[in-house]
>>> print(open('upload-v3.cif').read())   # mmCIF, C-alpha atoms (C1' of nucleotides)
data_query
loop_
_atom_site.group_PDB
_atom_site.id
_atom_site.type_symbol
_atom_site.label_atom_id
_atom_site.label_comp_id
_atom_site.auth_asym_id
_atom_site.auth_seq_id
_atom_site.Cartn_x
_atom_site.Cartn_y
_atom_site.Cartn_z
ATOM 1 C CA MET A 1 -13.461 0.348 -12.542
ATOM 2 C CA GLY A 2 -17.001 0.139 -11.761
ATOM 3 C CA SER A 3 -18.524 3.380 -10.547
ATOM 4 C CA GLY A 4 -16.163 6.126 -11.648
ATOM 5 C CA GLU A 5 -18.124 8.510 -9.511
ATOM 6 C CA HIS A 6 -15.726 10.002 -7.069
ATOM 7 C CA LYS A 7 -12.770 9.300 -9.257
ATOM 8 C CA ASP A 8 -13.037 12.606 -11.077
ATOM 9 C CA CYS A 9 -13.089 14.208 -7.672
ATOM 10 C CA HIS A 10 -9.492 13.171 -7.186
ATOM 11 C CA GLU A 11 -8.650 14.251 -10.696
ATOM 12 C CA VAL A 12 -9.503 17.788 -9.721
ATOM 13 C CA ILE A 13 -8.147 17.731 -6.205
ATOM 14 C CA MET A 14 -4.710 16.412 -7.063
ATOM 15 C CA PRO A 15 -3.564 19.171 -9.407
ATOM 16 C CA VAL A 16 -5.030 21.811 -7.127
ATOM 17 C CA ARG A 17 -3.036 20.379 -4.276
ATOM 18 C CA ASP A 18 0.093 20.398 -6.365
ATOM 19 C CA ALA A 19 -0.452 24.051 -7.075
ATOM 20 C CA LEU A 20 -1.194 24.766 -3.447
ATOM 21 C CA ASP A 21 2.014 23.069 -2.396
ATOM 22 C CA VAL A 22 3.965 25.573 -4.410
ATOM 23 C CA ILE A 23 2.187 28.789 -3.516
ATOM 24 C CA ASN A 24 1.383 27.812 0.033
ATOM 25 C CA GLY A 25 1.899 30.228 2.868
ATOM 26 C CA LYS A 26 1.388 33.923 3.221
ATOM 27 C CA TRP A 27 4.497 35.016 1.429
ATOM 28 C CA LYS A 28 5.273 33.286 -1.847
ATOM 29 C CA LEU A 29 2.784 35.055 -4.063
ATOM 30 C CA PRO A 30 3.412 38.449 -2.486
ATOM 31 C CA ILE A 31 7.108 37.952 -3.158
ATOM 32 C CA ILE A 32 6.473 37.043 -6.770
ATOM 33 C CA ILE A 33 4.258 40.075 -7.129
ATOM 34 C CA ALA A 34 6.861 42.367 -5.627
ATOM 35 C CA ILE A 35 9.578 41.075 -7.918
ATOM 36 C CA SER A 36 7.294 41.277 -10.917
ATOM 37 C CA ARG A 37 6.753 44.940 -10.084
ATOM 38 C CA GLY A 38 10.434 45.596 -10.494
ATOM 39 C CA HIS A 39 11.783 45.047 -7.004
ATOM 40 C CA LYS A 40 14.812 42.872 -7.504
ATOM 41 C CA ARG A 41 17.003 43.488 -4.496
ATOM 42 C CA PHE A 42 16.607 41.804 -1.139
ATOM 43 C CA ARG A 43 15.959 44.973 0.863
ATOM 44 C CA ASP A 44 13.786 46.344 -1.865
ATOM 45 C CA ILE A 45 11.595 43.267 -1.841
ATOM 46 C CA GLU A 46 11.550 43.269 1.936
ATOM 47 C CA ARG A 47 10.451 46.888 2.079
ATOM 48 C CA ASN A 48 7.613 46.234 -0.303
ATOM 49 C CA ILE A 49 6.034 43.351 1.498
ATOM 50 C CA PRO A 50 4.275 44.439 4.672
ATOM 51 C CA LYS A 51 5.442 42.694 7.831
ATOM 52 C CA ILE A 52 7.850 40.280 6.245
ATOM 53 C CA THR A 53 11.149 39.721 8.067
ATOM 54 C CA SER A 54 14.600 39.029 6.674
ATOM 55 C CA LYS A 55 14.522 35.514 7.912
ATOM 56 C CA VAL A 56 11.231 34.629 6.329
ATOM 57 C CA LEU A 57 12.078 36.385 3.092
ATOM 58 C CA SER A 58 15.378 34.562 2.888
ATOM 59 C CA LYS A 59 13.732 31.209 3.372
ATOM 60 C CA GLU A 60 10.924 31.851 0.928
ATOM 61 C CA LEU A 61 13.297 33.079 -1.749
ATOM 62 C CA LYS A 62 15.151 29.796 -1.486
ATOM 63 C CA ASP A 63 11.928 27.837 -1.784
ATOM 64 C CA LEU A 64 10.885 29.799 -4.842
ATOM 65 C CA GLU A 65 14.283 29.309 -6.407
ATOM 66 C CA ALA A 66 14.047 25.575 -5.754
ATOM 67 C CA HIS A 67 10.700 25.594 -7.520
ATOM 68 C CA LYS A 68 12.334 27.317 -10.501
ATOM 69 C CA LEU A 69 10.142 30.325 -10.121
ATOM 70 C CA LEU A 70 12.962 32.755 -9.630
ATOM 71 C CA LYS A 71 16.635 33.144 -10.193
ATOM 72 C CA ARG A 72 19.226 34.580 -7.892
ATOM 73 C CA SER A 73 22.010 36.445 -9.622
ATOM 74 C CA VAL A 74 25.119 37.719 -7.918
ATOM 75 C CA TYR A 75 26.857 40.588 -9.627
ATOM 76 C CA ASP A 76 30.470 41.203 -8.918
ATOM 77 C CA SER A 77 30.030 44.910 -8.613
ATOM 78 C CA GLN A 78 31.267 47.316 -5.952
ATOM 79 C CA PRO A 79 30.003 46.140 -3.550
ATOM 80 C CA VAL A 80 28.547 42.824 -4.587
ATOM 81 C CA THR A 81 24.884 43.078 -5.482
ATOM 82 C CA VAL A 82 22.304 40.349 -5.620
ATOM 83 C CA GLU A 83 19.273 40.393 -7.840
ATOM 84 C CA TYR A 84 16.225 38.213 -7.873
ATOM 85 C CA THR A 85 14.372 37.884 -11.122
ATOM 86 C CA LEU A 86 11.408 35.800 -12.106
ATOM 87 C CA THR A 87 11.847 32.964 -14.522
ATOM 88 C CA PRO A 88 9.572 32.669 -17.545
ATOM 89 C CA TYR A 89 7.959 29.819 -15.675
ATOM 90 C CA ALA A 90 6.817 32.190 -12.965
ATOM 91 C CA ALA A 91 4.815 34.039 -15.586
ATOM 92 C CA THR A 92 2.622 30.982 -15.972
ATOM 93 C CA LEU A 93 1.348 31.764 -12.486
ATOM 94 C CA ASN A 94 -0.200 35.006 -13.675
ATOM 95 C CA PRO A 95 -3.696 33.595 -14.173
ATOM 96 C CA VAL A 96 -3.569 32.239 -10.633
ATOM 97 C CA ILE A 97 -2.479 35.580 -9.244
ATOM 98 C CA GLU A 98 -5.134 37.380 -11.222
ATOM 99 C CA ALA A 99 -7.881 35.054 -10.065
ATOM 100 C CA LEU A 100 -6.742 35.462 -6.481
ATOM 101 C CA TYR A 101 -6.471 39.213 -6.892
ATOM 102 C CA THR A 102 -9.949 39.479 -8.321
ATOM 103 C CA TRP A 103 -11.501 37.232 -5.734
ATOM 104 C CA GLY A 104 -9.589 38.842 -2.880
ATOM 105 C CA SER A 105 -10.678 42.309 -3.943
ATOM 106 C CA GLN A 106 -14.298 41.258 -4.026
ATOM 107 C CA HIS A 107 -13.988 39.352 -0.794
ATOM 108 C CA ARG A 108 -12.506 42.358 0.935
ATOM 109 C CA LYS A 109 -15.511 44.425 -0.088
ATOM 110 C CA THR A 110 -17.823 41.686 1.119
ATOM 111 C CA ILE A 111 -16.308 41.428 4.557
ATOM 112 C CA PHE A 112 -15.930 45.179 4.932
ATOM 113 C CA GLY A 113 -19.642 45.364 4.261
ATOM 114 C CA SER A 114 -20.493 43.273 7.280
ATOM 115 C CA GLN A 115 -17.636 43.461 9.727
ATOM 116 C CA ASP A 116 -14.154 44.763 10.392
ATOM 117 C CA GLN A 117 -10.891 43.268 9.286
ATOM 118 C CA ASP A 118 -7.200 44.150 9.127
ATOM 119 C CA MET B 1 2.972 61.072 -2.823
ATOM 120 C CA GLY B 2 6.006 61.866 -4.866
ATOM 121 C CA SER B 3 7.067 58.602 -6.405
ATOM 122 C CA GLY B 4 4.011 56.409 -6.339
ATOM 123 C CA GLU B 5 6.170 53.590 -7.561
ATOM 124 C CA HIS B 6 5.822 50.768 -5.116
ATOM 125 C CA LYS B 7 2.424 51.811 -3.993
ATOM 126 C CA ASP B 8 0.642 49.747 -6.621
ATOM 127 C CA CYS B 9 2.678 46.820 -5.393
ATOM 128 C CA HIS B 10 0.683 46.862 -2.165
ATOM 129 C CA GLU B 11 -2.520 47.310 -4.108
ATOM 130 C CA VAL B 12 -1.948 43.939 -5.674
ATOM 131 C CA ILE B 13 -0.472 42.165 -2.685
ATOM 132 C CA MET B 14 -3.230 43.042 -0.244
ATOM 133 C CA PRO B 15 -6.179 41.448 -2.032
ATOM 134 C CA VAL B 16 -4.104 38.410 -2.874
ATOM 135 C CA ARG B 17 -3.262 38.020 0.774
ATOM 136 C CA ASP B 18 -6.907 38.350 1.696
ATOM 137 C CA ALA B 19 -7.712 35.547 -0.685
ATOM 138 C CA LEU B 20 -4.867 33.464 0.600
ATOM 139 C CA ASP B 21 -6.070 33.900 4.161
ATOM 140 C CA VAL B 22 -9.305 32.191 3.222
ATOM 141 C CA ILE B 23 -8.072 29.335 1.084
ATOM 142 C CA ASN B 24 -4.863 28.759 2.982
ATOM 143 C CA GLY B 25 -3.718 25.290 3.877
ATOM 144 C CA LYS B 26 -3.846 21.978 2.093
ATOM 145 C CA TRP B 27 -7.459 21.208 2.743
ATOM 146 C CA LYS B 28 -9.929 24.027 2.147
ATOM 147 C CA LEU B 29 -10.029 23.940 -1.613
ATOM 148 C CA PRO B 30 -10.050 20.137 -1.787
ATOM 149 C CA ILE B 31 -13.007 20.164 0.579
ATOM 150 C CA ILE B 32 -14.850 22.689 -1.531
ATOM 151 C CA ILE B 33 -14.133 20.620 -4.611
ATOM 152 C CA ALA B 34 -15.363 17.426 -2.974
ATOM 153 C CA ILE B 35 -18.594 19.060 -1.877
ATOM 154 C CA SER B 36 -19.083 20.638 -5.269
ATOM 155 C CA ARG B 37 -18.818 17.153 -6.767
ATOM 156 C CA GLY B 38 -21.816 16.055 -4.762
ATOM 157 C CA HIS B 39 -20.257 14.716 -1.600
ATOM 158 C CA LYS B 40 -22.312 16.252 1.147
ATOM 159 C CA ARG B 41 -21.896 13.950 4.111
ATOM 160 C CA PHE B 42 -19.018 14.039 6.544
ATOM 161 C CA ARG B 43 -17.786 10.522 5.849
ATOM 162 C CA ASP B 44 -18.389 10.932 2.180
ATOM 163 C CA ILE B 45 -16.253 14.035 2.056
ATOM 164 C CA GLU B 46 -13.645 12.385 4.213
ATOM 165 C CA ARG B 47 -13.436 9.360 1.940
ATOM 166 C CA ASN B 48 -12.968 11.511 -1.105
ATOM 167 C CA ILE B 49 -10.082 13.558 0.146
ATOM 168 C CA PRO B 50 -6.882 11.532 0.299
ATOM 169 C CA LYS B 51 -5.215 11.432 3.709
ATOM 170 C CA ILE B 52 -7.533 13.807 5.503
ATOM 171 C CA THR B 53 -8.485 12.872 9.057
ATOM 172 C CA SER B 54 -11.741 13.414 10.913
ATOM 173 C CA LYS B 55 -10.178 15.969 13.133
ATOM 174 C CA VAL B 56 -8.775 18.072 10.353
ATOM 175 C CA LEU B 57 -11.914 17.804 8.281
ATOM 176 C CA SER B 58 -14.015 18.855 11.226
ATOM 177 C CA LYS B 59 -11.881 21.888 11.860
ATOM 178 C CA GLU B 60 -11.718 22.959 8.250
ATOM 179 C CA LEU B 61 -15.458 22.603 7.791
ATOM 180 C CA LYS B 62 -15.934 25.002 10.665
ATOM 181 C CA ASP B 63 -13.498 27.474 9.153
ATOM 182 C CA LEU B 64 -15.248 27.315 5.802
ATOM 183 C CA GLU B 65 -18.601 27.776 7.443
ATOM 184 C CA ALA B 66 -17.278 30.801 9.318
ATOM 185 C CA HIS B 67 -16.152 32.231 6.005
ATOM 186 C CA LYS B 68 -19.674 31.718 4.645
ATOM 187 C CA LEU B 69 -18.453 29.332 2.004
ATOM 188 C CA LEU B 70 -20.566 26.452 3.144
ATOM 189 C CA LYS B 71 -23.621 25.649 5.176
ATOM 190 C CA ARG B 72 -24.109 22.854 7.655
ATOM 191 C CA SER B 73 -27.612 21.445 7.724
ATOM 192 C CA VAL B 74 -28.867 18.964 10.249
ATOM 193 C CA TYR B 75 -31.811 16.862 9.188
ATOM 194 C CA ASP B 76 -33.965 15.302 11.814
ATOM 195 C CA SER B 77 -34.157 11.961 10.054
ATOM 196 C CA GLN B 78 -33.647 8.456 11.374
ATOM 197 C CA PRO B 79 -30.868 8.689 12.405
ATOM 198 C CA VAL B 80 -29.950 12.322 12.271
ATOM 199 C CA THR B 81 -28.039 13.221 9.121
ATOM 200 C CA VAL B 82 -25.827 16.180 8.481
ATOM 201 C CA GLU B 83 -25.205 17.721 5.109
ATOM 202 C CA TYR B 84 -22.687 20.244 3.989
ATOM 203 C CA THR B 85 -23.544 22.332 0.976
ATOM 204 C CA LEU B 86 -21.736 25.169 -0.688
ATOM 205 C CA THR B 87 -23.163 28.635 -0.530
ATOM 206 C CA PRO B 88 -23.578 30.675 -3.690
ATOM 207 C CA TYR B 89 -20.629 32.670 -2.453
ATOM 208 C CA ALA B 90 -18.412 29.613 -2.729
ATOM 209 C CA ALA B 91 -19.165 29.539 -6.438
ATOM 210 C CA THR B 92 -17.298 32.816 -6.807
ATOM 211 C CA LEU B 93 -14.180 30.839 -6.015
ATOM 212 C CA ASN B 94 -14.522 28.820 -9.195
ATOM 213 C CA PRO B 95 -12.148 30.949 -11.252
ATOM 214 C CA VAL B 96 -9.549 30.553 -8.515
ATOM 215 C CA ILE B 97 -9.987 26.807 -8.447
ATOM 216 C CA GLU B 98 -9.835 26.608 -12.220
ATOM 217 C CA ALA B 99 -6.673 28.668 -12.387
ATOM 218 C CA LEU B 100 -5.097 26.508 -9.725
ATOM 219 C CA TYR B 101 -6.272 23.354 -11.433
ATOM 220 C CA THR B 102 -4.862 24.414 -14.763
ATOM 221 C CA TRP B 103 -1.560 25.531 -13.343
ATOM 222 C CA GLY B 104 -1.268 22.509 -11.096
ATOM 223 C CA SER B 105 -1.888 20.141 -13.985
ATOM 224 C CA GLN B 106 0.809 21.790 -16.038
ATOM 225 C CA HIS B 107 3.166 21.965 -13.113
ATOM 226 C CA ARG B 108 2.733 18.284 -12.413
ATOM 227 C CA LYS B 109 3.737 17.495 -15.966
ATOM 228 C CA THR B 110 6.709 19.800 -15.634
ATOM 229 C CA ILE B 111 8.044 18.186 -12.499
ATOM 230 C CA PHE B 112 7.282 14.668 -13.707
ATOM 231 C CA GLY B 113 9.442 15.508 -16.670
ATOM 232 C CA SER B 114 12.486 16.103 -14.527
ATOM 233 C CA GLN B 115 11.988 14.288 -11.240
ATOM 234 C CA ASP B 116 9.648 12.178 -9.148
ATOM 235 C CA GLN B 117 6.865 13.368 -6.928
ATOM 236 C CA ASP B 118 3.967 11.999 -4.870
ATOM 237 C "C1'" DC C 1 -22.685 8.068 10.959
ATOM 238 C "C1'" DA C 2 -20.702 12.506 12.656
ATOM 239 C "C1'" DG C 3 -17.960 13.892 14.951
ATOM 240 C "C1'" DT C 4 -14.658 15.003 19.700
ATOM 241 C "C1'" DA C 5 -10.633 14.215 22.827
ATOM 242 C "C1'" DT C 6 -5.720 13.722 23.504
ATOM 243 C "C1'" DC C 7 -1.338 13.860 22.437
ATOM 244 C "C1'" DC C 8 2.203 14.938 19.477
ATOM 245 C "C1'" DT C 9 5.551 16.647 15.702
ATOM 246 C "C1'" DA C 10 6.888 19.712 12.350
ATOM 247 C "C1'" DA C 11 6.612 23.755 10.158
ATOM 248 C "C1'" DA C 12 5.381 28.582 9.902
ATOM 249 C "C1'" DC C 13 5.952 32.758 11.683
ATOM 250 C "C1'" DG C 14 7.939 36.514 14.547
ATOM 251 C "C1'" DA C 15 11.527 39.462 17.386
ATOM 252 C "C1'" DT C 16 15.891 40.663 18.014
ATOM 253 C "C1'" DA C 17 20.524 40.613 17.225
ATOM 254 C "C1'" DC C 18 24.425 40.013 14.574
ATOM 255 C "C1'" DT C 19 27.997 39.329 10.411
ATOM 256 C "C1'" DG C 20 30.905 40.035 6.040
ATOM 257 C "C1'" DC D 1 23.401 45.716 1.515
ATOM 258 C "C1'" DA D 2 22.288 40.751 1.961
ATOM 259 C "C1'" DG D 3 21.660 38.049 4.587
ATOM 260 C "C1'" DT D 4 22.365 34.334 9.070
ATOM 261 C "C1'" DA D 5 21.808 33.052 14.060
ATOM 262 C "C1'" DT D 6 19.112 32.274 17.941
ATOM 263 C "C1'" DC D 7 15.256 32.119 20.290
ATOM 264 C "C1'" DG D 8 10.492 31.644 21.131
ATOM 265 C "C1'" DT D 9 5.392 31.305 19.985
ATOM 266 C "C1'" DT D 10 1.693 29.690 17.248
ATOM 267 C "C1'" DT D 11 -0.559 27.024 13.998
ATOM 268 C "C1'" DA D 12 -1.195 23.126 10.858
ATOM 269 C "C1'" DG D 13 -1.407 18.789 10.603
ATOM 270 C "C1'" DG D 14 -1.212 13.725 11.926
ATOM 271 C "C1'" DA D 15 -2.052 9.228 15.017
ATOM 272 C "C1'" DT D 16 -5.021 7.040 17.712
ATOM 273 C "C1'" DA D 17 -8.821 6.391 20.388
ATOM 274 C "C1'" DC D 18 -13.270 7.266 21.754
ATOM 275 C "C1'" DT D 19 -18.564 8.938 22.096
ATOM 276 C "C1'" DG D 20 -23.735 9.612 21.180
#
>>> encode(input="upload-v3.cif", output="structure tokens")
Amino acid sequence: MGSGEHKDCHEVIMPVRDALDVINGKWKLPIIIAISRGHKRFRDIERNIPKITSKVLSKELKDLEAHKLLKRSVYDSQPVTVEYTLTPYAATLNPVIEALYTWGSQHRKTIFGSQDQD
Amino acid sequence: MGSGEHKDCHEVIMPVRDALDVINGKWKLPIIIAISRGHKRFRDIERNIPKITSKVLSKELKDLEAHKLLKRSVYDSQPVTVEYTLTPYAATLNPVIEALYTWGSQHRKTIFGSQDQD
DNA sequence: CAGTATCCTAAACGATACTG
DNA sequence: CAGTATCGTTTAGGATACTG
């Protein structure tokens, strides 16, 4: 009805929020990136993500698994090993990661141009 | 040096984290979207973002302004009006928003296929 | 209209230690 | 190695009320 003026506003916001709900926080995308680069083991992932702790990594891995973005496999080797691998679904996030990577790279240059930053 | 194997992992993670630092949270991108759709006034923005409160909107607007993504203009009219407009820099976020929009739309279909969701 | 002031809860994040 | 336990701090976010 009537003036469909700010209706299309919601149409854009809603899906973006859905996406944000999944990748929210500092860690989820970095974890996906690390695994996509071939780091499958818990300690290996941990070592490759600056500042992350076991506790946070553990929690985030569970979240990502719940969102069907990765799979946890336990191998009955000697000793038992655990591997995290991305699902095909996680690959659909690549355009998001690329857009963020591109923007973040540019942004970093921009802020380094004017002031300091970690 | 030696095995530069997980070095490129950081090269990807860092810019992504920089981007995430800026757009983090549920509200920043929705706010940018609302403003980009022509909603410039505080109440107008507020009305077009489901569930946001004055307090949160106020805080997020300040954050976005600090990141140079939008500009707050006060017009000495009768009564005083305030307008928020995006900076040209905010437009560089469009590919990010589009990627998120596309993925979020697909994701919503995916989860609606299997279970319920808000 | 354009916000601010309080108060509050829940979640994120972090440090350190510990277990099978 | 692959985590969990415990603790504490910080931040995001929400409810409600209020101001110029």
>>> closest_atom_pairs(input="upload-v3.cif", of="chain C", to="chain B", cutoff="10 Å", atoms="only C-alpha atoms (C1' of nucleotides)", output="JSON lines")
{"residue": "C:DC1", "atom": "C1'", "partner": "B:Arg43", "partner_atom": "CA", "distance": 7.5}
{"residue": "C:DA2", "atom": "C1'", "partner": "B:Phe42", "partner_atom": "CA", "distance": 6.5}
{"residue": "C:DG3", "atom": "C1'", "partner": "B:Ser58", "partner_atom": "CA", "distance": 7.4}
{"residue": "C:DT4", "atom": "C1'", "partner": "B:Lys55", "partner_atom": "CA", "distance": 8.0}
{"residue": "C:DA5", "atom": "C1'", "partner": "B:Lys55", "partner_atom": "CA", "distance": 9.9}
>>> calpha_fit_and_write(input="upload-v3.cif", fixed="chain A", moving="chain B", output="CSV table (one decimal) with C-alpha atoms, in the coordinates of the input")
chain,number,residue,atom,x,y,z
B,1,MET,CA,-14.2,0.5,-12.3
B,2,GLY,CA,-17.9,0.1,-11.8
B,3,SER,CA,-19.1,3.4,-10.5
B,4,GLY,CA,-16.4,5.9,-11.6
B,5,GLU,CA,-18.3,8.5,-9.6
B,6,HIS,CA,-15.8,10.0,-7.1
B,7,LYS,CA,-12.9,9.2,-9.3
B,8,ASP,CA,-13.0,12.5,-11.1
B,9,CYS,CA,-13.0,14.2,-7.7
B,10,HIS,CA,-9.4,13.1,-7.2
B,11,GLU,CA,-8.6,14.2,-10.7
B,12,VAL,CA,-9.4,17.7,-9.7
B,13,ILE,CA,-8.1,17.7,-6.2
B,14,MET,CA,-4.6,16.4,-7.1
B,15,PRO,CA,-3.5,19.1,-9.4
B,16,VAL,CA,-5.0,21.8,-7.1
B,17,ARG,CA,-3.0,20.3,-4.3
B,18,ASP,CA,0.2,20.3,-6.4
B,19,ALA,CA,-0.4,24.0,-7.1
B,20,LEU,CA,-1.1,24.7,-3.5
B,21,ASP,CA,2.1,23.0,-2.4
B,22,VAL,CA,4.1,25.5,-4.4
B,23,ILE,CA,2.3,28.7,-3.6
B,24,ASN,CA,1.4,27.8,0.0
B,25,GLY,CA,1.9,30.2,2.8
B,26,LYS,CA,1.4,33.9,3.2
B,27,TRP,CA,4.5,35.0,1.4
B,28,LYS,CA,5.3,33.3,-1.9
B,29,LEU,CA,2.8,35.0,-4.1
B,30,PRO,CA,3.4,38.4,-2.5
B,31,ILE,CA,7.1,38.0,-3.2
B,32,ILE,CA,6.5,37.0,-6.8
B,33,ILE,CA,4.3,40.1,-7.1
B,34,ALA,CA,6.9,42.4,-5.6
B,35,ILE,CA,9.6,41.1,-7.9
B,36,SER,CA,7.3,41.3,-10.9
B,37,ARG,CA,6.7,45.0,-10.1
B,38,GLY,CA,10.4,45.6,-10.5
B,39,HIS,CA,11.7,45.1,-7.0
B,40,LYS,CA,14.8,42.9,-7.5
B,41,ARG,CA,17.0,43.6,-4.5
B,42,PHE,CA,16.6,41.9,-1.1
B,43,ARG,CA,15.9,45.0,0.9
B,44,ASP,CA,13.7,46.4,-1.8
B,45,ILE,CA,11.6,43.3,-1.8
B,46,GLU,CA,11.5,43.3,1.9
B,47,ARG,CA,10.4,46.9,2.1
B,48,ASN,CA,7.6,46.3,-0.3
B,49,ILE,CA,6.0,43.4,1.5
B,50,PRO,CA,4.3,44.4,4.7
B,51,LYS,CA,5.4,42.7,7.9
B,52,ILE,CA,7.9,40.3,6.3
B,53,THR,CA,11.1,39.7,8.1
B,54,SER,CA,14.6,39.1,6.7
B,55,LYS,CA,14.5,35.5,7.9
B,56,VAL,CA,11.2,34.7,6.3
B,57,LEU,CA,12.1,36.4,3.1
B,58,SER,CA,15.4,34.6,2.9
B,59,LYS,CA,13.7,31.2,3.4
B,60,GLU,CA,10.9,31.9,0.9
B,61,LEU,CA,13.3,33.1,-1.7
B,62,LYS,CA,15.2,29.8,-1.5
B,63,ASP,CA,12.0,27.9,-1.8
B,64,LEU,CA,10.9,29.8,-4.8
B,65,GLU,CA,14.3,29.3,-6.4
B,66,ALA,CA,14.1,25.6,-5.7
B,67,HIS,CA,10.8,25.6,-7.5
B,68,LYS,CA,12.4,27.3,-10.5
B,69,LEU,CA,10.2,30.3,-10.1
B,70,LEU,CA,13.0,32.8,-9.6
B,71,LYS,CA,16.7,33.2,-10.2
B,72,ARG,CA,19.3,34.6,-7.9
B,73,SER,CA,22.0,36.5,-9.6
B,74,VAL,CA,25.1,37.8,-7.9
B,75,TYR,CA,26.9,40.7,-9.6
B,76,ASP,CA,30.5,41.3,-8.9
B,77,SER,CA,30.0,45.1,-8.5
B,78,GLN,CA,31.2,47.5,-5.9
B,79,PRO,CA,29.9,46.3,-3.5
B,80,VAL,CA,28.5,43.0,-4.5
B,81,THR,CA,24.8,43.2,-5.4
B,82,VAL,CA,22.3,40.5,-5.6
B,83,GLU,CA,19.3,40.5,-7.8
B,84,TYR,CA,16.2,38.3,-7.9
B,85,THR,CA,14.4,37.9,-11.1
B,86,LEU,CA,11.4,35.8,-12.1
B,87,THR,CA,11.9,33.0,-14.5
B,88,PRO,CA,9.6,32.7,-17.5
B,89,TYR,CA,8.0,29.8,-15.7
B,90,ALA,CA,6.9,32.2,-13.0
B,91,ALA,CA,4.9,34.0,-15.6
B,92,THR,CA,2.7,31.0,-16.0
B,93,LEU,CA,1.4,31.7,-12.5
B,94,ASN,CA,-0.2,35.0,-13.7
B,95,PRO,CA,-3.6,33.5,-14.2
B,96,VAL,CA,-3.5,32.2,-10.7
B,97,ILE,CA,-2.5,35.5,-9.3
B,98,GLU,CA,-5.1,37.3,-11.3
B,99,ALA,CA,-7.8,35.0,-10.1
B,100,LEU,CA,-6.7,35.4,-6.5
B,101,TYR,CA,-6.5,39.1,-6.9
B,102,THR,CA,-9.9,39.4,-8.3
B,103,TRP,CA,-11.5,37.2,-5.8
B,104,GLY,CA,-9.6,38.8,-2.9
B,105,SER,CA,-10.7,42.2,-4.0
B,106,GLN,CA,-14.3,41.2,-4.0
B,107,HIS,CA,-14.0,39.3,-0.8
B,108,ARG,CA,-12.5,42.3,0.9
B,109,LYS,CA,-15.5,44.3,-0.1
B,110,THR,CA,-17.8,41.6,1.1
B,111,ILE,CA,-16.3,41.4,4.6
B,112,PHE,CA,-15.9,45.1,4.9
B,113,GLY,CA,-19.6,45.3,4.3
B,114,SER,CA,-20.4,43.2,7.4
B,115,GLN,CA,-17.4,43.4,9.7
B,116,ASP,CA,-14.0,44.8,10.3
B,117,GLN,CA,-10.7,43.3,9.1
B,118,ASP,CA,-7.0,44.2,8.9
>>> atom_distance(input="upload-v3.cif", atom1="atom CA of B:Lys26", atom2="atom CA of A:Thr87")
25.4 Å
>>> interface_residues(input="upload-v3.cif", of="chain A", to="chain B", cutoff="8 Å", atoms="all atoms listed in the file", output="PyMOL selection string")
chain A and resi 6+9-10+12-13+15-21+24-26+29-30+33-34+37+48-49+92-93+95-97+99-105+107-108
>>> residues_around(input="upload-v3.cif", residues="C:DA12", least_positions_apart="6", cutoff="9 Å", atoms="all atoms listed in the file", output="list in words")
Gly25 of chain A; DT10, DT11 and DA12 of chain D
>>> atom_distance(input="upload-v3.cif", atom1="atom CA of B:Tyr84", atom2="atom CA of B:Lys71")
5.6 Å
>>> resolve_selection(input="upload-v3.cif", expression="the PyMOL selection byres ((chain C and resi 17) around 10)", output="list in words")
DA15, DT16 and DC18 of chain C; DA5 and DT6 of chain D
>>> closest_residue(input="upload-v3.cif", among="A:Ala90, A:Glu83, A:Lys68, A:Lys51", to="chain D", atoms="all atoms listed in the file")
A:Glu83
>>> interface_residues(input="upload-v3.cif", of="chain D", to="chain B", cutoff="12 Å", atoms="all atoms listed in the file", output="PDB file with C-alpha atoms (C1' of nucleotides), in the frame of the given file")
ATOM      1  C1'  DT D  11      -0.559  27.024  13.998  1.00  0.00           C
ATOM      2  C1'  DA D  12      -1.195  23.126  10.858  1.00  0.00           C
ATOM      3  C1'  DG D  13      -1.407  18.789  10.603  1.00  0.00           C
ATOM      4  C1'  DG D  14      -1.212  13.725  11.926  1.00  0.00           C
ATOM      5  C1'  DA D  15      -2.052   9.228  15.017  1.00  0.00           C
ATOM      6  C1'  DT D  16      -5.021   7.040  17.712  1.00  0.00           C
ATOM      7  C1'  DG D  20     -23.735   9.612  21.180  1.00  0.00           C
TER       8       DG D  20
END
>>> axis_aligned_box(input="upload-v3.cif", around="stretch 72-87 of chain A", padding_each_side="5 Å", output="JSON")
{"center_x": 21.3, "center_y": 40.1, "center_z": -9.0, "size_x": 29.9, "size_y": 24.4, "size_z": 21.0}
>>> atom_distance(input="upload-v3.cif", atom1="atom C1' of D:DT9", atom2="atom C1' of C:DT6")
21.1 Å
